[in-house]
$ cat coords.pdb   # PDB, C-alpha atoms, pLDDT in the B column
MODEL        1
ATOM      1  CA  MET P   1      57.196 -26.326-118.155  1.00 54.00           C
ATOM      2  CA  ALA P   2      54.369 -28.789-118.442  1.00 73.00           C
ATOM      3  CA  THR P   3      50.842 -27.433-118.218  1.00 87.00           C
ATOM      4  CA  ARG P   4      48.410 -29.346-116.106  1.00 89.00           C
ATOM      5  CA  THR P   5      44.870 -30.029-117.057  1.00 94.00           C
ATOM      6  CA  ILE P   6      42.010 -28.466-115.194  1.00 95.00           C
ATOM      7  CA  GLU P   7      41.131 -31.875-113.764  1.00 95.00           C
ATOM      8  CA  GLU P   8      44.617 -32.232-112.244  1.00 95.00           C
ATOM      9  CA  ARG P   9      44.466 -28.772-110.752  1.00 96.00           C
ATOM     10  CA  VAL P  10      41.009 -29.367-109.270  1.00 96.00           C
ATOM     11  CA  SER P  11      42.165 -32.708-107.880  1.00 96.00           C
ATOM     12  CA  ASP P  12      45.138 -31.012-106.168  1.00 96.00           C
ATOM     13  CA  LEU P  13      42.876 -28.325-104.724  1.00 96.00           C
ATOM     14  CA  GLU P  14      40.454 -30.929-103.400  1.00 97.00           C
ATOM     15  CA  GLU P  15      43.311 -32.804-101.692  1.00 96.00           C
ATOM     16  CA  LYS P  16      44.616 -29.619-100.107  1.00 96.00           C
ATOM     17  CA  MET P  17      41.128 -28.654 -98.957  1.00 96.00           C
ATOM     18  CA  ALA P  18      40.575 -32.078 -97.397  1.00 94.00           C
ATOM     19  CA  ARG P  19      43.914 -31.802 -95.585  1.00 94.00           C
ATOM     20  CA  LEU P  20      43.059 -28.337 -94.262  1.00 92.00           C
ATOM     21  CA  LEU P  21      39.643 -29.466 -93.059  1.00 91.00           C
ATOM     22  CA  ASP P  22      41.213 -32.456 -91.274  1.00 89.00           C
ATOM     23  CA  GLU P  23      43.723 -30.152 -89.560  1.00 87.00           C
ATOM     24  CA  LYS P  24      40.977 -27.746 -88.506  1.00 84.00           C
ATOM     25  CA  ALA P  25      38.802 -30.555 -87.146  1.00 83.00           C
ATOM     26  CA  GLY P  26      41.677 -31.739 -84.955  1.00 79.00           C
ATOM     27  CA  GLN P  27      42.270 -28.314 -83.431  1.00 80.00           C
ATOM     28  CA  GLN P  28      40.599 -27.233 -80.216  1.00 80.00           C
ATOM     29  CA  ARG P  29      38.837 -23.906 -80.206  1.00 81.00           C
ATOM     30  CA  PRO P  30      40.714 -21.184 -78.351  1.00 83.00           C
ATOM     31  CA  VAL P  31      39.434 -20.330 -74.890  1.00 86.00           C
ATOM     32  CA  PRO P  32      37.770 -16.879 -74.850  1.00 89.00           C
ATOM     33  CA  TRP P  33      39.529 -14.303 -72.676  1.00 88.00           C
ATOM     34  CA  TRP P  34      36.658 -14.042 -70.195  1.00 87.00           C
ATOM     35  CA  GLU P  35      36.805 -17.772 -69.533  1.00 88.00           C
ATOM     36  CA  GLN P  36      40.533 -17.512 -68.850  1.00 87.00           C
ATOM     37  CA  TRP P  37      39.827 -14.934 -66.120  1.00 88.00           C
ATOM     38  CA  PHE P  38      36.794 -16.687 -64.645  1.00 89.00           C
ATOM     39  CA  GLY P  39      37.501 -17.476 -60.999  1.00 90.00           C
ATOM     40  CA  ALA P  40      40.709 -15.424 -60.865  1.00 91.00           C
ATOM     41  CA  PHE P  41      39.482 -13.540 -57.767  1.00 92.00           C
ATOM     42  CA  LYS P  42      37.831 -16.455 -55.997  1.00 92.00           C
ATOM     43  CA  ASP P  43      38.230 -16.219 -52.212  1.00 93.00           C
ATOM     44  CA  ASN P  44      40.105 -12.910 -52.520  1.00 95.00           C
ATOM     45  CA  PRO P  45      39.113 -10.638 -49.602  1.00 96.00           C
ATOM     46  CA  ASP P  46      40.286  -7.490 -51.399  1.00 96.00           C
ATOM     47  CA  PHE P  47      38.040  -8.250 -54.373  1.00 95.00           C
ATOM     48  CA  ASP P  48      35.108  -8.972 -52.057  1.00 95.00           C
ATOM     49  CA  ALA P  49      35.669  -5.653 -50.261  1.00 97.00           C
ATOM     50  CA  ALA P  50      35.822  -3.782 -53.577  1.00 97.00           C
ATOM     51  CA  MET P  51      32.531  -5.364 -54.681  1.00 96.00           C
ATOM     52  CA  LEU P  52      30.876  -4.373 -51.390  1.00 97.00           C
ATOM     53  CA  ARG P  53      32.082  -0.789 -51.704  1.00 97.00           C
ATOM     54  CA  GLY P  54      30.806  -0.638 -55.287  1.00 97.00           C
ATOM     55  CA  ALA P  55      27.397  -1.936 -54.180  1.00 96.00           C
ATOM     56  CA  GLU P  56      27.266   0.605 -51.343  1.00 96.00           C
ATOM     57  CA  TYR P  57      28.090   3.405 -53.751  1.00 96.00           C
ATOM     58  CA  ARG P  58      25.407   2.315 -56.216  1.00 94.00           C
ATOM     59  CA  ARG P  59      22.815   2.121 -53.433  1.00 94.00           C
ATOM     60  CA  SER P  60      23.763   5.637 -52.297  1.00 94.00           C
ATOM     61  CA  GLN P  61      23.039   7.134 -55.730  1.00 93.00           C
ATOM     62  CA  PRO P  62      19.574   8.564 -56.335  1.00 90.00           C
ATOM     63  CA  THR P  63      17.351   6.620 -58.687  1.00 88.00           C
ATOM     64  CA  ALA P  64      15.142   8.034 -61.425  1.00 86.00           C
ATOM     65  CA  ALA P  65      12.134   7.503 -59.134  1.00 84.00           C
ATOM     66  CA  ASP P  66      13.839   9.551 -56.399  1.00 81.00           C
ATOM     67  CA  GLU P  67      14.530  12.388 -58.797  1.00 79.00           C
ATOM     68  CA  ALA P  68      10.960  12.295 -60.154  1.00 79.00           C
ATOM     69  CA  SER P  69       9.494  12.527 -56.651  1.00 76.00           C
ATOM     70  CA  ASP P  70      11.729  15.520 -55.884  1.00 69.00           C
ATOM     71  CA  VAL P  71      10.479  17.332 -58.975  1.00 62.00           C
ATOM     72  CA  ARG P  72       6.844  16.532 -58.226  1.00 59.00           C
ATOM     73  CA  GLY P  73       7.250  17.525 -54.584  1.00 56.00           C
ATOM     74  CA  THR P  74       8.765  20.861 -55.547  1.00 55.00           C
ATOM     75  CA  SER P  75       6.006  21.691 -57.993  1.00 48.00           C
ATOM     76  CA  LEU P  76       3.316  20.740 -55.464  1.00 47.00           C
ATOM     77  CA  ARG P  77       4.884  22.935 -52.819  1.00 47.00           C
ATOM     78  CA  ARG P  78       4.963  25.873 -55.207  1.00 46.00           C
ATOM     79  CA  SER P  79       1.290  25.437 -56.083  1.00 46.00           C
ATOM     80  CA  ALA P  80       0.386  25.243 -52.385  1.00 47.00           C
ATOM     81  CA  ILE P  81       2.203  28.496 -51.694  1.00 50.00           C
ATOM     82  CA  LEU P  82       0.584  30.391 -54.577  1.00 46.00           C
TER      83      LEU P  82
ENDMDL
END

$ encode --input "coords.pdb" --output "structure tokens"
Amino acid sequence: MATRTIEERVSDLEEKMARLLDEKAGQQRPVPWWEQWFGAFKDNPDFDAAMLRGAEYRRSQPTAADEASDVRGTSLRRSAIL
């Protein structure tokens, strides 16, 4: 078995690296999953109805400001009674 010099080995590695870089440059980047789904529910009445119901539910939930006013109102009423 013939041993190769370091220069030959480096030369082979450089050729392989150049080939790999050329292959990679020619490839297109994969499309992210969220871009594959973008527009999947366009003009879908069921999806639109689900989004409306979700918005209605979120609007029906009390906010932090609502809860803070309830606490303040309760404490004020107690002080007025005492």

$ atom_distance --input "coords.pdb" --atom1 "CA of Glu35 in chain P" --atom2 "CA of Phe47 in chain P"
17.9 Å

$ atom_distance --input "coords.pdb" --atom1 "CA of Arg53 in chain P" --atom2 "CA of Gly39 in chain P"
19.9 Å

$ atom_distance --input "coords.pdb" --atom1 "CA of Ala55 in chain P" --atom2 "CA of Ser69 in chain P"
23.1 Å
